[in-house]
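Chemist: Have a look at this one.
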Amino acid sequence: MEAELDLVLRLYRTMAAIRLTEERLAQSHQAGLVHGACHTYVGEEAVATGVCAHLTMRDSVFSTHRGHGHALAKGVPMAEVMAELYGRELGCSQGRGGSMHLFKPEVGLMGTSGIVGPCILQATGAGYSSKLMKTGAVGVAFFGDGASNNGAFHEGLNLAAIYKLPVLFVCENNMYATEVPMSYAAGNTDVYMRAAGYNIPGIKVDGNNVLAVYEAAGTAIKRARAGEGPTLLECKTYRTRVHAEGMKESGYRPMEEIAAWKARDPLKLLREQAMRDEICGDPEFDEVHSSVAGQVAAAHKQAVESPYPEGRDALSHVYYEVQA
Amino acid sequence: MKELTYTAAAREALTEEMARDATIFVMGEGIGKRGGNFNTTAGLFDLYGGVRLCDTPITERGFIGLAVGAAMTGTRPVIDFMFVDFILDGMGEIMNQMAKMQYMSSGRLTMPVVLRGCIGIGGASATHHSGNYYAMFANVPGLRVVVPTTPADAKGLFKTALRGYDPVLFLEHKSLLNTKGPVPEEDVAIPFGVARIAREGHSVTVVALTVMVNRVLQVADTLEKEGISVEVIDPRTVSPLDTDTICASIKKTGRALVVDEAFAPCGIGAEIAARVMETAFDELDAPVRRLNGAFVPTPYSPPLESVIVPSNDAIATAIRDLVRE
């Protein structure tokens, strides 16, 4: 029971950290603190949280343009994520990346990307390193339904399958690639079924149920570490905010659909389930929530107080430089 | 010194470095037991096994992207791509990911990937097996572009590529693969960005790239009899490009011609001419000239193919014209 309580509150803490950081970033975007794009992960927190809860520092995560949640769940400090979007020196990419290029290799966040698809191949490469060096590390790719229609998906899954690599392919199917519905873009909207084409396991899970994601990812990662090869995990979820901050709901998706998914908020679902299972109740969750809120406020303050990088920094690290 | 073919020299570098560094692995089509379409890995499968000599399906974008992720996580992939034309399917992975990864991670990730294989026109290979493209790669910050001409350079530059931390395009002209030359017995790694003076002379500087170096050397022997002394410079790497050696030569000769099988527009010759204008304009007695392959896709039939490549006669004429100018 105590183990269950710890797990539930740990997962809740990570989801709350993502939610509150994203809400802070959305406000900061409106306030002009974010200089470029800002794609939030609101509504999808359970996916990164449930998967990354199984990972250690040596496991690597390769992510997408909607990657703040993956970075936070993998252990990048909130202040470094915020500072990166604010273009500051403290940013995890020292101001070189912004929303779409978060790097913190020290914790295994090997990059979010502005191009849809390559993360699938790079996670496969991390799996290859693991196999060659026998490290036991797992490569994880997070990507959307959009990427599943890209050649990188096919090439990466096939390579991981034939070499039996320790890789977890996590498809966050939020039903829209920007504003293009998956029902328009794919012959079969169930991405997990494509695993059969590579003779690997394909699992479908409710991506708003963090415990379900946690359980499915656990099985897949155990399988990867045991040398049994890759898994495709499709998490059905939904982005409840606009594609990128500053955009408007243009009518490409029904308002009732947004409302229905908001009612299935992953943080709320976890609270309800914990109460049903008599693990804990609102007071415990509220305590975590307000502690995270305090951390987010402090992180934001730290991020805005961080200086901008020196202009001359723009010219370094194009090629390898011997570290001083 | 020993006498080796170009391919054997490069293979020797790979064999030695794979023994020295267990993180190096090779990926490509037919590079396992088969030993490579051009014998680039002959014998290595028996030495190092199938994980380090990894045969791939025909999935260039896939294994180039895989190499990026592998390099990010501590291993050193060598992509043996056979023909440079084939990796165009992976250009996004090369330009957007591989080339930018060190920069975007502020140097916290390294990108020790070697992409090696054939370039060049010849043998009626037609247009999907005869690209050059090194100028295109040299236009991308983050990439190193190596174009060796001699077996010794193939070995020495390959060693540097395999010991460095930058992504390297190691481009081998198919007409050079079976050429022989002396290769040092000892362990020599040749640094990038240092041109080789292939022949000393004082009348005119000719900068030639890959297979054109050998062609220009033949022409230089002929012109010597006419009293034209040709200095031949082989840059060996086009990114970085050693213009100091070129400018020092021009200081002596006052004239420069660039001979390159690859396309002229936005090419290496254009870059050399611009840099010479910027730094050695006062040394010039005549404008820098270029002689390039024709700006066309590569046709198949031998009489069509030969006409698009700078011939010995065309090179000799270009040098004579420049000396008279």
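Note on naming: chains are A, B, ... as they come in the structure tokens, residues start from 1 per chain, ligands start from 1 in the order shown.
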Running DSSP on the backbone, which parts of region 118-304 of chain B land in alpha helix (DSSP H), as a count of residues only?

Modeler: 59

Chemist: Hey, what's within 9 Å of Ile315 (chain B) if we count only C-alpha atoms and toss same-chain stuff fewer than 2 positions away? As a list in words, please?

Modeler: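 In the requested form, the answer reads Arg215, Val216, Val219, Val259, Leu291, Pro310, Ser311, Asn312, Asp313, Thr317, Ala318, Ile319 and Arg320 of chain B.
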
Chemist: Would you output that residue set with C-alpha atoms, as a tab-separated table (two decimals), in the first residue's frame?

Modeler:
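And here is the file that came out, out_9.tsv:
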chain	number	residue	atom	x	y	z
B	215	ARG	CA	45.25	13.91	-64.65
B	216	VAL	CA	46.89	17.28	-64.03
B	219	VAL	CA	49.59	17.04	-68.24
B	259	VAL	CA	40.54	21.75	-62.11
B	291	LEU	CA	37.94	24.10	-65.47
B	310	PRO	CA	37.83	17.77	-68.13
B	311	SER	CA	40.16	15.91	-70.52
B	312	ASN	CA	43.95	16.02	-70.56
B	313	ASP	CA	43.76	18.17	-73.69
B	317	THR	CA	44.87	24.12	-73.16
B	318	ALA	CA	43.57	25.85	-70.04
B	319	ILE	CA	47.06	25.93	-68.52
B	320	ARG	CA	48.70	27.20	-71.72

Chemist: Contacts from chain A to chain B, 7 Å maximum, only C-alpha atoms: show me the residue list as a PyMOL selection string.

Modeler: chain A and resi 93+96-97+103+118+121-126+128-129+132+152+155-156+317-320

Chemist: Can I get the selection written as a short mmCIF file (atom, residue, chain, number, x, y, z; two decimals), in the first residue's frame, with all heavy atoms?

Modeler:
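Saved to selection_27.cif:
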data_model
loop_
_atom_site.label_atom_id
_atom_site.label_comp_id
_atom_site.auth_asym_id
_atom_site.auth_seq_id
_atom_site.Cartn_x
_atom_site.Cartn_y
_atom_site.Cartn_z
N SER A 93 19.88 24.37 -23.21
CA SER A 93 20.70 24.42 -24.42
C SER A 93 21.44 25.75 -24.52
O SER A 93 21.87 26.16 -25.60
CB SER A 93 19.83 24.21 -25.66
OG SER A 93 19.06 23.04 -25.53
N ARG A 96 20.51 28.21 -27.25
CA ARG A 96 20.69 27.91 -28.68
C ARG A 96 19.45 27.27 -29.31
O ARG A 96 19.35 27.18 -30.52
CB ARG A 96 21.85 26.93 -28.86
CG ARG A 96 23.14 27.61 -28.62
CD ARG A 96 24.31 26.66 -28.66
NE ARG A 96 25.49 27.49 -28.53
CZ ARG A 96 26.61 27.31 -29.21
NH1 ARG A 96 26.73 26.31 -30.05
NH2 ARG A 96 27.61 28.13 -29.06
N GLY A 97 18.55 26.78 -28.42
CA GLY A 97 17.51 25.93 -28.98
C GLY A 97 16.09 26.46 -28.90
O GLY A 97 15.35 26.40 -29.86
N PHE A 103 18.27 20.23 -24.89
CA PHE A 103 19.31 19.21 -24.73
C PHE A 103 19.80 19.18 -23.29
O PHE A 103 20.11 20.22 -22.72
CB PHE A 103 20.52 19.52 -25.63
CG PHE A 103 20.29 19.22 -27.08
CD1 PHE A 103 19.77 20.19 -27.92
CD2 PHE A 103 20.59 17.98 -27.61
CE1 PHE A 103 19.54 19.93 -29.27
CE2 PHE A 103 20.38 17.69 -28.95
CZ PHE A 103 19.85 18.67 -29.78
N PRO A 118 13.11 12.15 -37.10
CA PRO A 118 14.47 11.70 -36.78
C PRO A 118 14.65 11.09 -35.39
O PRO A 118 15.50 10.22 -35.20
CB PRO A 118 15.31 12.97 -36.92
CG PRO A 118 14.58 13.78 -37.93
CD PRO A 118 13.12 13.50 -37.67
N LEU A 121 14.76 7.37 -35.38
CA LEU A 121 16.01 6.76 -35.85
C LEU A 121 17.10 6.91 -34.80
O LEU A 121 17.91 5.99 -34.58
CB LEU A 121 16.45 7.42 -37.15
CG LEU A 121 15.42 7.38 -38.28
CD1 LEU A 121 15.89 8.19 -39.48
CD2 LEU A 121 15.14 5.94 -38.69
N GLN A 122 17.13 8.04 -34.13
CA GLN A 122 18.19 8.27 -33.14
C GLN A 122 18.02 7.36 -31.93
O GLN A 122 19.00 6.85 -31.39
CB GLN A 122 18.21 9.75 -32.74
CG GLN A 122 18.74 10.61 -33.89
CD GLN A 122 18.47 12.08 -33.72
OE1 GLN A 122 18.18 12.55 -32.63
NE2 GLN A 122 18.59 12.84 -34.81
N ALA A 123 16.80 7.13 -31.52
CA ALA A 123 16.58 6.19 -30.42
C ALA A 123 17.03 4.79 -30.83
O ALA A 123 17.58 4.03 -30.03
CB ALA A 123 15.10 6.19 -30.02
N THR A 124 16.82 4.46 -32.09
CA THR A 124 17.28 3.18 -32.62
C THR A 124 18.80 3.11 -32.53
O THR A 124 19.38 2.08 -32.17
CB THR A 124 16.79 3.01 -34.07
OG1 THR A 124 15.37 3.18 -34.09
CG2 THR A 124 17.14 1.66 -34.63
N GLY A 125 19.45 4.22 -32.83
CA GLY A 125 20.90 4.30 -32.72
C GLY A 125 21.38 4.14 -31.28
O GLY A 125 22.40 3.50 -31.02
N ALA A 126 20.64 4.72 -30.35
CA ALA A 126 20.98 4.55 -28.93
C ALA A 126 20.86 3.08 -28.56
O ALA A 126 21.68 2.54 -27.81
CB ALA A 126 20.07 5.40 -28.06
N TYR A 128 21.38 0.70 -30.61
CA TYR A 128 22.54 0.02 -31.22
C TYR A 128 23.79 0.19 -30.34
O TYR A 128 24.54 -0.77 -30.13
CB TYR A 128 22.81 0.53 -32.64
CG TYR A 128 23.52 -0.52 -33.44
CD1 TYR A 128 22.81 -1.50 -34.13
CD2 TYR A 128 24.92 -0.61 -33.46
CE1 TYR A 128 23.45 -2.52 -34.81
CE2 TYR A 128 25.57 -1.62 -34.14
CZ TYR A 128 24.84 -2.57 -34.82
OH TYR A 128 25.47 -3.59 -35.47
N SER A 129 24.00 1.39 -29.82
CA SER A 129 25.13 1.60 -28.90
C SER A 129 25.03 0.67 -27.70
O SER A 129 26.02 0.08 -27.27
CB SER A 129 25.14 3.04 -28.38
OG SER A 129 25.69 3.92 -29.33
N LEU A 132 25.97 -2.82 -28.76
CA LEU A 132 27.41 -2.96 -29.04
C LEU A 132 28.23 -2.93 -27.75
O LEU A 132 29.13 -3.74 -27.56
CB LEU A 132 27.85 -1.85 -29.99
CG LEU A 132 29.34 -1.80 -30.36
CD1 LEU A 132 29.75 -3.04 -31.15
CD2 LEU A 132 29.66 -0.55 -31.18
N ALA A 152 10.73 7.75 -41.60
CA ALA A 152 11.61 7.44 -40.47
C ALA A 152 10.98 6.40 -39.55
O ALA A 152 11.67 5.56 -38.97
CB ALA A 152 11.93 8.71 -39.68
N GLU A 155 11.51 2.99 -41.27
CA GLU A 155 12.92 2.58 -41.31
C GLU A 155 13.45 2.30 -39.91
O GLU A 155 14.18 1.33 -39.69
CB GLU A 155 13.76 3.66 -42.02
CG GLU A 155 13.33 3.85 -43.47
CD GLU A 155 14.33 4.62 -44.34
OE1 GLU A 155 15.54 4.55 -44.08
OE2 GLU A 155 13.89 5.28 -45.30
N GLY A 156 13.06 3.13 -38.96
CA GLY A 156 13.55 2.94 -37.59
C GLY A 156 12.99 1.68 -36.95
O GLY A 156 13.73 0.90 -36.33
N HIS A 317 31.39 25.82 -30.90
CA HIS A 317 30.87 24.45 -30.94
C HIS A 317 30.28 24.01 -32.29
O HIS A 317 29.50 23.07 -32.34
CB HIS A 317 29.82 24.21 -29.84
CG HIS A 317 30.35 24.44 -28.46
ND1 HIS A 317 31.40 23.73 -27.93
CD2 HIS A 317 29.99 25.33 -27.50
CE1 HIS A 317 31.65 24.15 -26.70
NE2 HIS A 317 30.81 25.12 -26.42
N VAL A 318 30.66 24.68 -33.35
CA VAL A 318 30.25 24.18 -34.68
C VAL A 318 30.96 22.86 -34.94
O VAL A 318 30.38 21.90 -35.44
CB VAL A 318 30.59 25.19 -35.78
CG1 VAL A 318 30.23 24.64 -37.16
CG2 VAL A 318 29.86 26.51 -35.53
N TYR A 319 32.23 22.84 -34.53
CA TYR A 319 33.03 21.61 -34.59
C TYR A 319 33.48 21.28 -33.17
O TYR A 319 33.37 22.09 -32.27
CB TYR A 319 34.24 21.81 -35.51
CG TYR A 319 33.83 22.01 -36.95
CD1 TYR A 319 33.73 23.29 -37.49
CD2 TYR A 319 33.51 20.93 -37.76
CE1 TYR A 319 33.33 23.48 -38.81
CE2 TYR A 319 33.11 21.11 -39.07
CZ TYR A 319 33.02 22.39 -39.59
OH TYR A 319 32.62 22.56 -40.88
N TYR A 320 34.00 20.09 -33.03
CA TYR A 320 34.48 19.66 -31.73
C TYR A 320 35.58 20.60 -31.23
O TYR A 320 36.48 20.97 -31.97
CB TYR A 320 35.03 18.23 -31.83
CG TYR A 320 35.58 17.70 -30.53
CD1 TYR A 320 34.73 17.34 -29.50
CD2 TYR A 320 36.95 17.59 -30.33
CE1 TYR A 320 35.23 16.87 -28.30
CE2 TYR A 320 37.46 17.12 -29.14
CZ TYR A 320 36.60 16.76 -28.12
OH TYR A 320 37.09 16.30 -26.94
#

Chemist: Go ahead and compute the interatomic distance for CA of Thr64 (chain A) and CA of Gly98 (chain A), in Å to one decimal.

Modeler: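 Answer for the CA of Thr64 (chain A) to CA of Gly98 (chain A) separation: 12.6 Å.
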
Chemist: Among region 70-231 of chain B, which residues carry a DSSP assignment of strand (DSSP E), reported as an NGL selection string?

Modeler: :B and (76-83 or 114-119 or 144-146 or 168-173 or 180-183 or 196-199 or 204-208 or 230-231)

Chemist: Tell me which of A:Val116, A:Leu5, A:Leu270, A:Leu233 sits closest to Gly218 (chain A), counting only C-alpha atoms.

Modeler: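 Under the stated criterion, the closest residue is A:Leu233.
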
Chemist: Counting only C-alpha atoms, what is within 8 Å of region 228-237 of chain B, bar same-chain residues fewer than 2 positions away, as a PyMOL selection string?

Modeler: chain B and resi 144-149+153+192-210+213+216-217+220+223-226+239-242+246+249+320+323

Chemist: Tell me which of A:Val213, A:Gly197, A:Val76, A:Met133 sits closest to Asp21 (chain B), counting only C-alpha atoms.

Modeler: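 Smallest separation from Asp21 (chain B) among the options: A:Met133.
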
Chemist: Which residue gives the smallest distance to Val167 (chain A) among A:Arg225, A:Lys134, A:His101, A:His154, with only C-alpha atoms counted?

Modeler: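 Smallest distance to Val167 (chain A) is found for A:Arg225.
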
Chemist: Give me the residues near Ile203 (chain A) as a list in words, where near means some atom within 7 Å (using only C-alpha atoms) and where sequence neighbours in that chain fewer than 3 positions away do not count.

Modeler: Tyr192, Leu232, Leu233 and Glu234 of chain A

Chemist: Restricting it to C-alpha atoms, dump the selection as a PDB file, in the first residue's frame.

Modeler:
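What follows is the written file out.pdb:
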ATOM      1  CA  TYR A 192       0.010   0.081 -32.732  1.00  0.00           C
ATOM      2  CA  LEU A 232       5.725   0.017 -30.170  1.00  0.00           C
ATOM      3  CA  LEU A 233       3.538   1.618 -27.537  1.00  0.00           C
ATOM      4  CA  GLU A 234       0.663   3.727 -28.805  1.00  0.00           C
TER       5      GLU A 234
END
